[in-house]
>>> print(open('my_file-v6.tsv').read())   # TSV, C-alpha atoms
chain	number	residue	atom	x	y	z
A	356	MET	CA	215.62	8.77	68.44
A	357	VAL	CA	218.52	9.02	66.03
A	358	GLY	CA	219.50	7.81	62.60
A	359	ALA	CA	218.33	4.39	61.62
A	360	ASP	CA	215.57	4.21	64.30
A	361	ARG	CA	213.47	6.82	62.51
A	362	PRO	CA	210.91	6.04	59.81
A	363	LEU	CA	212.61	5.94	56.43
A	364	HIS	CA	211.43	9.32	55.16
A	365	GLU	CA	212.53	11.12	58.32
A	366	ARG	CA	216.08	9.82	58.49
A	367	THR	CA	218.93	12.26	58.77
A	368	PRO	CA	221.10	12.09	55.68
A	369	GLY	CA	224.40	10.37	56.19
A	370	VAL	CA	223.44	7.64	58.65
A	371	GLU	CA	223.89	4.81	56.18
A	372	ALA	CA	227.11	2.87	55.82
A	373	GLU	CA	229.52	4.72	53.53
A	374	GLU	CA	230.47	2.13	50.93
A	375	SER	CA	231.52	2.67	47.36
A	376	ARG	CA	231.39	0.24	44.48
A	377	ALA	CA	235.01	0.86	43.52
A	378	ASN	CA	237.70	-1.80	43.89
A	379	VAL	CA	241.31	-2.29	42.81
A	380	LEU	CA	240.24	-4.37	39.81
A	381	SER	CA	237.99	-1.67	38.33
A	382	TYR	CA	240.74	0.98	38.67
A	383	THR	CA	243.30	-1.38	37.10
A	384	VAL	CA	241.03	-2.28	34.17
A	385	GLY	CA	240.31	1.42	33.61
A	386	PHE	CA	244.01	2.28	33.80
A	387	GLY	CA	244.89	-0.48	31.30
A	388	LEU	CA	242.23	0.68	28.82
A	389	ALA	CA	243.33	4.31	29.20
A	390	VAL	CA	246.98	3.36	28.52
A	391	ILE	CA	245.99	1.41	25.39
A	392	LEU	CA	243.88	4.31	24.08
A	393	THR	CA	246.59	6.90	24.84
A	394	VAL	CA	249.29	4.88	23.07
A	395	MET	CA	246.95	4.37	20.10
A	396	SER	CA	246.37	8.14	19.89
A	397	PHE	CA	250.11	8.89	19.82
A	398	VAL	CA	250.76	6.12	17.27
A	399	VAL	CA	247.90	7.21	15.00
A	400	ALA	CA	249.08	10.84	15.09
A	401	GLN	CA	252.70	10.06	14.18
A	402	THR	CA	252.38	7.27	11.60
A	403	ASN	CA	250.46	6.64	8.41
A	404	LEU	CA	248.48	3.78	9.93
A	405	LEU	CA	245.24	5.65	9.18
A	406	TRP	CA	244.31	7.25	5.87
A	407	GLU	CA	245.84	10.76	6.07
A	408	PRO	CA	242.63	12.93	6.03
A	409	GLY	CA	240.98	10.50	8.47
A	410	ILE	CA	243.57	11.00	11.23
A	411	PRO	CA	241.81	13.93	13.02
A	412	VAL	CA	238.56	11.95	13.07
A	413	GLY	CA	240.40	8.92	14.43
A	414	LEU	CA	242.02	11.05	17.16
A	415	VAL	CA	238.65	12.52	18.19
A	416	VAL	CA	237.10	9.04	18.37
A	417	LEU	CA	240.00	7.78	20.52
A	418	ALA	CA	239.73	10.84	22.80
A	419	PHE	CA	235.99	10.30	23.33
A	420	ALA	CA	236.59	6.60	24.04
A	421	GLN	CA	239.22	7.49	26.64
A	422	ILE	CA	236.98	10.11	28.28
A	423	GLY	CA	234.29	7.43	28.51
A	424	VAL	CA	236.75	5.01	30.14
A	425	HIS	CA	237.75	7.68	32.69
A	426	LEU	CA	234.11	8.48	33.50
A	427	VAL	CA	233.13	4.86	34.06
A	428	PHE	CA	236.23	3.41	35.76
A	429	PHE	CA	237.69	6.44	37.61
A	430	LEU	CA	234.65	8.64	38.30
A	431	HIS	CA	232.28	5.63	38.66
A	432	MET	CA	229.52	7.02	36.44
A	433	GLY	CA	227.76	3.67	36.44
A	434	SER	CA	224.07	2.84	36.28
A	435	GLY	CA	223.49	2.70	40.07
A	436	SER	CA	220.30	4.38	41.32
A	437	ASP	CA	222.22	7.03	43.32
A	438	ASN	CA	224.02	7.93	40.10
A	439	THR	CA	220.93	9.09	38.17
A	440	ASN	CA	221.32	12.76	39.14
A	441	ASN	CA	225.04	12.72	38.31
A	442	ILE	CA	224.29	11.33	34.84
A	443	ILE	CA	221.54	13.88	34.18
A	444	ALA	CA	223.91	16.72	35.14
A	445	LEU	CA	226.66	15.18	32.98
A	446	THR	CA	224.32	14.96	29.97
A	447	TYR	CA	223.44	18.64	30.33
A	448	GLY	CA	227.13	19.54	30.72
A	449	VAL	CA	228.06	17.61	27.56
A	450	TRP	CA	225.28	19.44	25.69
A	451	ILE	CA	226.58	22.88	26.75
A	452	VAL	CA	230.18	21.91	25.90
A	453	PHE	CA	229.02	20.77	22.45
A	454	LEU	CA	227.08	24.02	21.87
A	455	VAL	CA	230.02	26.23	22.92
A	456	ILE	CA	232.71	24.44	20.87
A	457	ALA	CA	230.70	23.48	17.77
A	458	GLY	CA	228.84	26.81	17.74
A	459	SER	CA	232.07	28.85	17.97
A	460	CYS	CA	233.73	26.83	15.20
A	461	TRP	CA	230.66	27.00	12.96
A	462	ILE	CA	230.32	30.79	13.27
A	463	MET	CA	234.02	31.65	13.12
A	464	PHE	CA	234.91	29.37	10.18
A	465	ASN	CA	231.94	30.83	8.25
A	466	LEU	CA	233.29	34.27	9.07
A	467	TYR	CA	236.83	33.35	7.92
A	468	ALA	CA	235.45	31.87	4.67
A	469	ASN	CA	233.45	35.02	3.94
A	470	MET	CA	236.37	37.35	4.69
A	471	MET	CA	238.75	35.60	2.25
B	880	MET	CA	193.15	20.74	65.84
B	881	THR	CA	194.57	17.26	66.13
B	882	ALA	CA	198.23	16.41	66.35
B	883	VAL	CA	199.62	15.09	63.10
B	884	THR	CA	201.48	11.84	63.61
B	885	THR	CA	203.54	9.90	61.17
B	886	ALA	CA	200.77	7.34	60.75
B	887	ASP	CA	198.26	10.04	59.67
B	888	ARG	CA	200.39	11.03	56.67
B	889	GLY	CA	199.94	7.75	54.90
B	890	PRO	CA	202.68	6.19	52.82
B	891	ALA	CA	205.73	8.27	52.09
B	892	PRO	CA	206.02	9.70	48.56
B	893	LEU	CA	207.62	7.35	46.08
B	894	ALA	CA	210.84	9.33	45.71
B	895	ALA	CA	211.48	9.14	49.45
B	896	ALA	CA	210.87	5.38	49.63
B	897	GLU	CA	214.53	4.73	50.42
B	898	GLY	CA	214.97	7.71	52.73
B	899	PRO	CA	217.28	10.67	52.13
B	900	ALA	CA	220.48	9.99	50.20
B	901	PRO	CA	223.66	9.45	52.24
B	902	THR	CA	225.74	12.59	52.81
B	903	ARG	CA	228.50	11.04	50.71
B	904	THR	CA	226.17	10.90	47.69
B	905	VAL	CA	224.91	14.46	48.23
B	906	VAL	CA	228.45	15.88	48.64
B	907	ALA	CA	229.69	14.04	45.54
B	908	TYR	CA	226.71	15.38	43.56
B	909	GLY	CA	227.38	18.98	44.61
B	910	PHE	CA	231.07	18.67	43.78
B	911	TRP	CA	230.20	17.05	40.45
B	912	ILE	CA	228.09	20.12	39.58
B	913	PHE	CA	231.15	22.30	40.32
B	914	LEU	CA	233.36	20.08	38.14
B	915	LEU	CA	230.89	20.28	35.26
B	916	SER	CA	230.88	24.08	35.50
B	917	ASP	CA	234.68	23.98	35.45
B	918	ILE	CA	234.57	21.76	32.35
B	919	ILE	CA	232.16	24.23	30.71
B	920	MET	CA	234.68	27.02	31.42
B	921	PHE	CA	237.36	24.89	29.73
B	922	SER	CA	235.04	24.36	26.75
B	923	GLY	CA	235.22	28.13	26.15
B	924	LEU	CA	239.03	27.95	26.11
B	925	PHE	CA	238.94	24.89	23.82
B	926	ALA	CA	236.58	26.79	21.49
B	927	ALA	CA	238.91	29.82	21.44
B	928	TYR	CA	241.90	27.59	20.66
B	929	SER	CA	240.10	25.71	17.85
B	930	VAL	CA	239.09	29.02	16.28
B	931	LEU	CA	242.54	30.65	16.60
B	932	TRP	CA	245.05	27.82	16.11
B	933	ARG	CA	245.87	28.73	12.50
B	934	ASN	CA	246.36	32.44	13.28
B	935	THR	CA	250.11	32.33	13.82
B	936	ALA	CA	250.77	35.87	12.49
B	937	GLY	CA	253.85	34.61	10.64
B	938	GLY	CA	255.26	33.20	13.88
B	939	PRO	CA	256.04	29.60	14.77
B	940	ASP	CA	253.22	27.02	14.64
B	941	GLY	CA	252.63	23.80	16.54
B	942	ARG	CA	254.82	21.73	14.20
B	943	GLU	CA	257.87	23.79	15.15
B	944	LEU	CA	257.09	24.17	18.85
B	945	PHE	CA	255.61	20.91	20.15
B	946	ASP	CA	257.79	18.00	21.25
B	947	LEU	CA	255.50	14.95	21.36
B	948	ARG	CA	258.01	12.93	23.40
B	949	ASN	CA	257.65	15.43	26.28
B	950	VAL	CA	253.87	15.43	25.89
B	951	PHE	CA	253.83	11.63	26.08
B	952	ILE	CA	255.82	11.69	29.35
B	953	GLU	CA	253.45	14.35	30.75
B	954	THR	CA	250.44	12.23	29.76
B	955	ALA	CA	251.96	9.14	31.37
B	956	CYS	CA	252.64	11.06	34.63
B	957	LEU	CA	249.10	12.40	34.85
B	958	LEU	CA	247.44	9.08	33.97
B	959	LEU	CA	249.56	7.16	36.46
B	960	SER	CA	248.86	9.75	39.17
B	961	SER	CA	245.13	9.41	38.47
B	962	TYR	CA	245.48	5.65	39.01
B	963	THR	CA	247.45	5.96	42.26
B	964	CYS	CA	244.98	8.62	43.47
B	965	GLY	CA	242.11	6.16	42.94
B	966	LEU	CA	244.02	3.41	44.78
B	967	ALA	CA	244.76	5.87	47.62
B	968	ALA	CA	241.04	6.63	47.94
B	969	LEU	CA	240.38	2.88	48.20
B	970	SER	CA	243.02	2.35	50.91
B	971	ALA	CA	241.53	5.30	52.84
B	972	GLU	CA	238.12	3.59	52.74
B	973	HIS	CA	239.66	0.34	53.95
B	974	ARG	CA	241.51	2.22	56.73
B	975	GLN	CA	244.98	1.21	55.43
B	976	ILE	CA	246.61	4.46	56.46
B	977	GLY	CA	250.24	3.54	55.64
B	978	ARG	CA	249.32	2.49	52.10
B	979	PHE	CA	247.25	5.66	51.79
B	980	PHE	CA	250.22	7.94	52.60
B	981	VAL	CA	252.54	6.09	50.19
B	982	LEU	CA	250.03	6.24	47.32
B	983	GLU	CA	249.23	9.92	47.87
B	984	ALA	CA	252.98	10.68	47.96
B	985	ILE	CA	253.37	8.96	44.56
B	986	THR	CA	250.33	10.91	43.27
B	987	PHE	CA	251.94	14.16	44.42
B	988	LEU	CA	255.34	13.37	42.88
B	989	LEU	CA	253.81	12.42	39.52
B	990	GLY	CA	251.67	15.57	39.51
B	991	ALA	CA	254.74	17.67	40.36
B	992	ALA	CA	256.73	15.97	37.57
B	993	PHE	CA	253.94	16.83	35.11
B	994	LEU	CA	254.03	20.43	36.25
B	995	LEU	CA	257.83	20.70	36.01
B	996	ILE	CA	257.85	19.39	32.43
B	997	GLU	CA	255.09	21.83	31.53
B	998	ILE	CA	256.88	24.81	33.11
B	999	SER	CA	260.15	23.96	31.33
B	1000	GLU	CA	258.22	23.65	28.03
B	1001	PHE	CA	256.64	27.09	28.58
B	1002	ALA	CA	259.99	28.62	29.56
B	1003	GLY	CA	261.64	27.15	26.46
B	1004	MET	CA	258.92	28.58	24.21
B	1005	VAL	CA	259.16	32.04	25.78
B	1006	ALA	CA	262.97	31.94	25.42
B	1007	LYS	CA	262.53	31.17	21.69
B	1008	GLY	CA	260.39	34.31	21.32
B	1009	ALA	CA	257.19	32.27	21.16
B	1010	GLY	CA	255.51	33.75	24.26
B	1011	PRO	CA	251.79	34.36	24.69
B	1012	SER	CA	251.98	37.81	23.05
B	1013	ARG	CA	253.55	36.50	19.79
B	1014	SER	CA	250.33	35.46	18.01
B	1015	ALA	CA	246.65	34.68	18.58
B	1016	PHE	CA	247.53	30.97	18.32
B	1017	LEU	CA	250.07	31.29	21.17
B	1018	SER	CA	247.71	33.41	23.32
B	1019	ALA	CA	245.05	30.70	23.03
B	1020	PHE	CA	247.63	27.96	23.63
B	1021	PHE	CA	249.06	29.52	26.81
B	1022	THR	CA	245.58	30.33	28.16
B	1023	LEU	CA	244.22	26.80	27.63
B	1024	VAL	CA	247.26	24.79	28.70
B	1025	GLY	CA	248.16	27.30	31.44
B	1026	THR	CA	244.67	27.14	32.97
B	1027	HIS	CA	244.98	23.36	33.11
B	1028	GLY	CA	248.42	23.73	34.72
B	1029	ALA	CA	246.97	26.17	37.27
B	1030	HIS	CA	244.33	23.56	38.14
B	1031	VAL	CA	247.04	20.93	38.62
B	1032	THR	CA	248.96	23.35	40.88
B	1033	SER	CA	245.90	24.00	43.07
B	1034	GLY	CA	245.24	20.23	43.12
B	1035	LEU	CA	248.76	19.63	44.48
B	1036	LEU	CA	248.29	22.29	47.20
B	1037	TRP	CA	244.91	20.76	48.09
B	1038	LEU	CA	246.55	17.32	48.29
B	1039	ILE	CA	249.19	18.54	50.79
B	1040	TYR	CA	246.44	20.11	52.91
B	1041	LEU	CA	244.33	16.91	52.85
B	1042	VAL	CA	247.19	14.59	53.71
B	1043	ALA	CA	248.07	16.87	56.65
B	1044	GLN	CA	244.43	16.72	57.71
B	1045	VAL	CA	244.41	12.91	57.59
B	1046	ALA	CA	247.62	12.85	59.64
B	1047	ALA	CA	246.13	15.23	62.23
B	1048	LYS	CA	242.51	14.05	62.44
B	1049	GLY	CA	242.56	10.49	61.12
B	1050	LEU	CA	240.14	9.04	58.57
B	1051	ARG	CA	236.88	10.48	59.93
B	1052	PRO	CA	233.80	10.59	57.68
B	1053	PRO	CA	234.13	14.36	56.92
B	1054	VAL	CA	237.80	13.88	55.99
B	1055	LEU	CA	236.86	10.90	53.82
B	1056	ARG	CA	234.30	13.05	51.99
B	1057	ARG	CA	236.95	15.71	51.32
B	1058	LEU	CA	239.21	12.99	49.95
B	1059	LEU	CA	236.36	11.86	47.69
B	1060	CYS	CA	236.03	15.40	46.31
B	1061	PHE	CA	239.78	15.59	45.72
B	1062	SER	CA	239.75	12.29	43.80
B	1063	LEU	CA	236.89	13.54	41.62
B	1064	PHE	CA	238.85	16.77	40.95
B	1065	TRP	CA	242.05	14.92	40.06
B	1066	HIS	CA	240.27	12.47	37.72
B	1067	ALA	CA	238.42	15.40	36.05
B	1068	LEU	CA	241.77	17.12	35.39
B	1069	ASP	CA	242.94	13.98	33.61
B	1070	ILE	CA	239.79	14.05	31.44
B	1071	ILE	CA	240.55	17.66	30.45
B	1072	TRP	CA	244.16	16.67	29.68
B	1073	VAL	CA	242.86	14.02	27.23
B	1074	GLY	CA	241.18	16.88	25.35
B	1075	VAL	CA	244.35	19.02	25.54
B	1076	PHE	CA	246.82	16.43	24.25
B	1077	THR	CA	244.46	15.36	21.46
B	1078	LEU	CA	243.34	18.77	20.21
B	1079	VAL	CA	246.41	20.89	20.97
B	1080	TYR	CA	249.43	18.62	20.71
B	1081	LEU	CA	248.57	15.62	18.50
B	1082	MET	CA	246.55	17.63	15.96
B	1083	GLY	CA	248.81	20.71	16.21
B	1084	ALA	CA	252.08	18.81	15.68
B	1085	ARG	CA	250.97	17.33	12.37
>>> encode(input="my_file-v6.tsv", output="structure tokens")
Amino acid sequence: MVGADRPLHERTPGVEAEESRANVLSYTVGFGLAVILTVMSFVVAQTNLLWEPGIPVGLVVLAFAQIGVHLVFFLHMGSGSDNTNNIIALTYGVWIVFLVIAGSCWIMFNLYANMM
Amino acid sequence: MTAVTTADRGPAPLAAAEGPAPTRTVVAYGFWIFLLSDIIMFSGLFAAYSVLWRNTAGGPDGRELFDLRNVFIETACLLLSSYTCGLAALSAEHRQIGRFFVLEAITFLLGAAFLLIEISEFAGMVAKGAGPSRSAFLSAFFTLVGTHGAHVTSGLLWLIYLVAQVAAKGLRPPVLRRLLCFSLFWHALDIIWVGVFTLVYLMGAR
């Protein structure tokens, strides 16, 4: 008795058809959005389109938007049921990244300010 | 003692209602955990750069050193190679082996072009006396951007190895799973590059 003949909870992993949800259209849409966001970043950084002190904020927003586009269209972080674990791990990863970067900046800029 | 049969156990637990996940899903999950740990390592380098980028020790800063035209070409190469890598993964799934080889060759050439531009940028900076030992800003810069470049280099070597494997063994399920991992790796490198060109180049060149 192999693979699909077994009761569901005794099946060997890997016997199902190996299909992914990706297609040419989703990659092309993702690529188009990424190009638009990249060009916007370079334009915003080199012109006065945005209010001067707001440019770093605008760049960060554009970067996060592009990372989101890459995750959804290239890495297929969709809402499918087999994606739940990937999303949970990603959420935890984002949390650690935030702690490391924001924590370092918070502590070190305080230190610089107090050493002036 | 009676023999325990499947029927005696009653209904399967809820989580197992659909049976074990396909190997493809399990492999992708494991590799995703590795990629997240890699991204967390990069977050340390990003943190070091954000803390140190003003500490130029009287040496050159980003405004003098960065050429945004080069950075734009690098970004275009990497983004386009991410796209062709995704299309190559699709043609592998659809068993279009000729298309697969062409797309992976384009992916490799674009990745190599990215790397060449980066190496010539580094060489130019070192020649100008702005090497990694010049200031804390430059140490952080070379560590962050260099680590990304090292990842791209290992990705290119991995790609050669995988394409050779496809040529030798054909598109078997284990080979397809390795290709899936490579695609995830290559797309993740592009995500890290988005952080690099935004934080290092676009903000540093202003």
>>> atom_distance(input="my_file-v6.tsv", atom1="atom CA of Gly1049 of chain B", atom2="atom CA of Ile976 of chain B")
8.6 Å
>>> closest_residue(input="my_file-v6.tsv", among="B:Arg948, B:Lys1048, B:Lys1007, B:His1066", to="chain A", atoms="only C-alpha atoms")
B:His1066
>>> residues_around(input="my_file-v6.tsv", residues="Val399 of chain A", least_positions_apart="3", cutoff="8 Å", atoms="all atoms listed in the file", output="PyMOL selection string")
chain A and resi 395-396+402-405+410+413-414
>>> interface_residues(input="my_file-v6.tsv", of="chain B", to="chain A", cutoff="9 Å", atoms="all atoms listed in the file", output="PyMOL selection string")
chain B and resi 885+891-892+895-905+907-908+911-912+915-916+918-927+929-930+947+951+954-955+958-959+961-962+965-966+969+972+1052+1062-1063+1066-1067+1069-1071+1073-1074+1077-1078+1081-1082+1084-1085
>>> write_last_selection(input="my_file-v6.tsv", atoms="C-alpha atoms", output="PDB file, in the coordinates of the input")
ATOM      1  CA  THR B 885     203.540   9.900  61.170  1.00  0.00           C
ATOM      2  CA  ALA B 891     205.730   8.270  52.090  1.00  0.00           C
ATOM      3  CA  PRO B 892     206.020   9.700  48.560  1.00  0.00           C
ATOM      4  CA  ALA B 895     211.480   9.140  49.450  1.00  0.00           C
ATOM      5  CA  ALA B 896     210.870   5.380  49.630  1.00  0.00           C
ATOM      6  CA  GLU B 897     214.530   4.730  50.420  1.00  0.00           C
ATOM      7  CA  GLY B 898     214.970   7.710  52.730  1.00  0.00           C
ATOM      8  CA  PRO B 899     217.280  10.670  52.130  1.00  0.00           C
ATOM      9  CA  ALA B 900     220.480   9.990  50.200  1.00  0.00           C
ATOM     10  CA  PRO B 901     223.660   9.450  52.240  1.00  0.00           C
ATOM     11  CA  THR B 902     225.740  12.590  52.810  1.00  0.00           C
ATOM     12  CA  ARG B 903     228.500  11.040  50.710  1.00  0.00           C
ATOM     13  CA  THR B 904     226.170  10.900  47.690  1.00  0.00           C
ATOM     14  CA  VAL B 905     224.910  14.460  48.230  1.00  0.00           C
ATOM     15  CA  ALA B 907     229.690  14.040  45.540  1.00  0.00           C
ATOM     16  CA  TYR B 908     226.710  15.380  43.560  1.00  0.00           C
ATOM     17  CA  TRP B 911     230.200  17.050  40.450  1.00  0.00           C
ATOM     18  CA  ILE B 912     228.090  20.120  39.580  1.00  0.00           C
ATOM     19  CA  LEU B 915     230.890  20.280  35.260  1.00  0.00           C
ATOM     20  CA  SER B 916     230.880  24.080  35.500  1.00  0.00           C
ATOM     21  CA  ILE B 918     234.570  21.760  32.350  1.00  0.00           C
ATOM     22  CA  ILE B 919     232.160  24.230  30.710  1.00  0.00           C
ATOM     23  CA  MET B 920     234.680  27.020  31.420  1.00  0.00           C
ATOM     24  CA  PHE B 921     237.360  24.890  29.730  1.00  0.00           C
ATOM     25  CA  SER B 922     235.040  24.360  26.750  1.00  0.00           C
ATOM     26  CA  GLY B 923     235.220  28.130  26.150  1.00  0.00           C
ATOM     27  CA  LEU B 924     239.030  27.950  26.110  1.00  0.00           C
ATOM     28  CA  PHE B 925     238.940  24.890  23.820  1.00  0.00           C
ATOM     29  CA  ALA B 926     236.580  26.790  21.490  1.00  0.00           C
ATOM     30  CA  ALA B 927     238.910  29.820  21.440  1.00  0.00           C
ATOM     31  CA  SER B 929     240.100  25.710  17.850  1.00  0.00           C
ATOM     32  CA  VAL B 930     239.090  29.020  16.280  1.00  0.00           C
ATOM     33  CA  LEU B 947     255.500  14.950  21.360  1.00  0.00           C
ATOM     34  CA  PHE B 951     253.830  11.630  26.080  1.00  0.00           C
ATOM     35  CA  THR B 954     250.440  12.230  29.760  1.00  0.00           C
ATOM     36  CA  ALA B 955     251.960   9.140  31.370  1.00  0.00           C
ATOM     37  CA  LEU B 958     247.440   9.080  33.970  1.00  0.00           C
ATOM     38  CA  LEU B 959     249.560   7.160  36.460  1.00  0.00           C
ATOM     39  CA  SER B 961     245.130   9.410  38.470  1.00  0.00           C
ATOM     40  CA  TYR B 962     245.480   5.650  39.010  1.00  0.00           C
ATOM     41  CA  GLY B 965     242.110   6.160  42.940  1.00  0.00           C
ATOM     42  CA  LEU B 966     244.020   3.410  44.780  1.00  0.00           C
ATOM     43  CA  LEU B 969     240.380   2.880  48.200  1.00  0.00           C
ATOM     44  CA  GLU B 972     238.120   3.590  52.740  1.00  0.00           C
ATOM     45  CA  PRO B1052     233.800  10.590  57.680  1.00  0.00           C
ATOM     46  CA  SER B1062     239.750  12.290  43.800  1.00  0.00           C
ATOM     47  CA  LEU B1063     236.890  13.540  41.620  1.00  0.00           C
ATOM     48  CA  HIS B1066     240.270  12.470  37.720  1.00  0.00           C
ATOM     49  CA  ALA B1067     238.420  15.400  36.050  1.00  0.00           C
ATOM     50  CA  ASP B1069     242.940  13.980  33.610  1.00  0.00           C
ATOM     51  CA  ILE B1070     239.790  14.050  31.440  1.00  0.00           C
ATOM     52  CA  ILE B1071     240.550  17.660  30.450  1.00  0.00           C
ATOM     53  CA  VAL B1073     242.860  14.020  27.230  1.00  0.00           C
ATOM     54  CA  GLY B1074     241.180  16.880  25.350  1.00  0.00           C
ATOM     55  CA  THR B1077     244.460  15.360  21.460  1.00  0.00           C
ATOM     56  CA  LEU B1078     243.340  18.770  20.210  1.00  0.00           C
ATOM     57  CA  LEU B1081     248.570  15.620  18.500  1.00  0.00           C
ATOM     58  CA  MET B1082     246.550  17.630  15.960  1.00  0.00           C
ATOM     59  CA  ALA B1084     252.080  18.810  15.680  1.00  0.00           C
ATOM     60  CA  ARG B1085     250.970  17.330  12.370  1.00  0.00           C
TER      61      ARG B1085
END
>>> atom_distance(input="my_file-v6.tsv", atom1="atom CA of Glu943 of chain B", atom2="atom CA of Asn469 of chain A")
29.1 Å
>>> atom_distance(input="my_file-v6.tsv", atom1="atom CA of Ala971 of chain B", atom2="atom CA of Leu1050 of chain B")
7.0 Å
>>> residues_around(input="my_file-v6.tsv", residues="segment 997-1000 of chain B", least_positions_apart="5", cutoff="12 Å", atoms="only C-alpha atoms", output="PyMOL selection string")
chain B and resi 944-954+956-957+990-992+1005-1007+1009-1010+1021+1024-1029+1031-1032
>>> write_last_selection(input="my_file-v6.tsv", atoms="C-alpha atoms", output="mmCIF file, in the coordinates of the input")
data_model
loop_
_atom_site.group_PDB
_atom_site.id
_atom_site.type_symbol
_atom_site.label_atom_id
_atom_site.label_comp_id
_atom_site.auth_asym_id
_atom_site.auth_seq_id
_atom_site.Cartn_x
_atom_site.Cartn_y
_atom_site.Cartn_z
ATOM 1 C CA LEU B 944 257.090 24.170 18.850
ATOM 2 C CA PHE B 945 255.610 20.910 20.150
ATOM 3 C CA ASP B 946 257.790 18.000 21.250
ATOM 4 C CA LEU B 947 255.500 14.950 21.360
ATOM 5 C CA ARG B 948 258.010 12.930 23.400
ATOM 6 C CA ASN B 949 257.650 15.430 26.280
ATOM 7 C CA VAL B 950 253.870 15.430 25.890
ATOM 8 C CA PHE B 951 253.830 11.630 26.080
ATOM 9 C CA ILE B 952 255.820 11.690 29.350
ATOM 10 C CA GLU B 953 253.450 14.350 30.750
ATOM 11 C CA THR B 954 250.440 12.230 29.760
ATOM 12 C CA CYS B 956 252.640 11.060 34.630
ATOM 13 C CA LEU B 957 249.100 12.400 34.850
ATOM 14 C CA GLY B 990 251.670 15.570 39.510
ATOM 15 C CA ALA B 991 254.740 17.670 40.360
ATOM 16 C CA ALA B 992 256.730 15.970 37.570
ATOM 17 C CA VAL B 1005 259.160 32.040 25.780
ATOM 18 C CA ALA B 1006 262.970 31.940 25.420
ATOM 19 C CA LYS B 1007 262.530 31.170 21.690
ATOM 20 C CA ALA B 1009 257.190 32.270 21.160
ATOM 21 C CA GLY B 1010 255.510 33.750 24.260
ATOM 22 C CA PHE B 1021 249.060 29.520 26.810
ATOM 23 C CA VAL B 1024 247.260 24.790 28.700
ATOM 24 C CA GLY B 1025 248.160 27.300 31.440
ATOM 25 C CA THR B 1026 244.670 27.140 32.970
ATOM 26 C CA HIS B 1027 244.980 23.360 33.110
ATOM 27 C CA GLY B 1028 248.420 23.730 34.720
ATOM 28 C CA ALA B 1029 246.970 26.170 37.270
ATOM 29 C CA VAL B 1031 247.040 20.930 38.620
ATOM 30 C CA THR B 1032 248.960 23.350 40.880
#
>>> decode(input="my_file-v6.tsv", residues="segment 948-989 of chain B", atoms="C-alpha atoms", output="compact mmCIF listing (two decimals), in the first residue's frame")
# COMPACT_ATOMS: atom_id res chain seq x y z
CA ARG B 948 23.40 56.09 -12.17
CA ASN B 949 25.51 52.97 -11.49
CA VAL B 950 23.24 52.00 -8.60
CA PHE B 951 20.19 52.31 -10.86
CA ILE B 952 21.77 49.98 -13.45
CA GLU B 953 22.66 47.49 -10.67
CA THR B 954 19.08 47.63 -9.37
CA ALA B 955 17.67 47.08 -12.86
CA CYS B 956 19.97 44.05 -13.41
CA LEU B 957 18.97 42.42 -10.13
CA LEU B 958 15.25 43.09 -10.54
CA LEU B 959 15.23 41.79 -14.10
CA SER B 960 17.19 38.68 -13.05
CA SER B 961 14.64 38.06 -10.29
CA TYR B 962 11.89 38.19 -12.94
CA THR B 963 13.66 35.82 -15.36
CA CYS B 964 14.46 33.48 -12.45
CA GLY B 965 10.74 33.30 -11.61
CA LEU B 966 9.87 32.63 -15.26
CA ALA B 967 12.58 29.93 -15.39
CA ALA B 968 11.04 28.22 -12.35
CA LEU B 969 7.67 28.25 -14.16
CA SER B 970 9.10 26.74 -17.36
CA ALA B 971 10.79 24.03 -15.25
CA GLU B 972 7.40 23.14 -13.73
CA HIS B 973 5.84 23.01 -17.19
CA ARG B 974 8.74 20.83 -18.44
CA GLN B 975 9.83 23.39 -21.08
CA ILE B 976 13.50 22.58 -20.74
CA GLY B 977 14.82 24.74 -23.62
CA ARG B 978 13.05 27.83 -22.29
CA PHE B 979 14.34 26.97 -18.82
CA PHE B 980 18.00 26.96 -19.94
CA VAL B 981 17.63 30.25 -21.84
CA LEU B 982 15.95 32.01 -18.89
CA GLU B 983 18.49 30.73 -16.36
CA ALA B 984 21.32 31.87 -18.68
CA ILE B 985 19.79 35.38 -18.74
CA THR B 986 19.43 35.25 -14.93
CA PHE B 987 23.10 34.32 -14.61
CA LEU B 988 24.31 37.05 -16.99
CA LEU B 989 22.27 39.75 -15.23
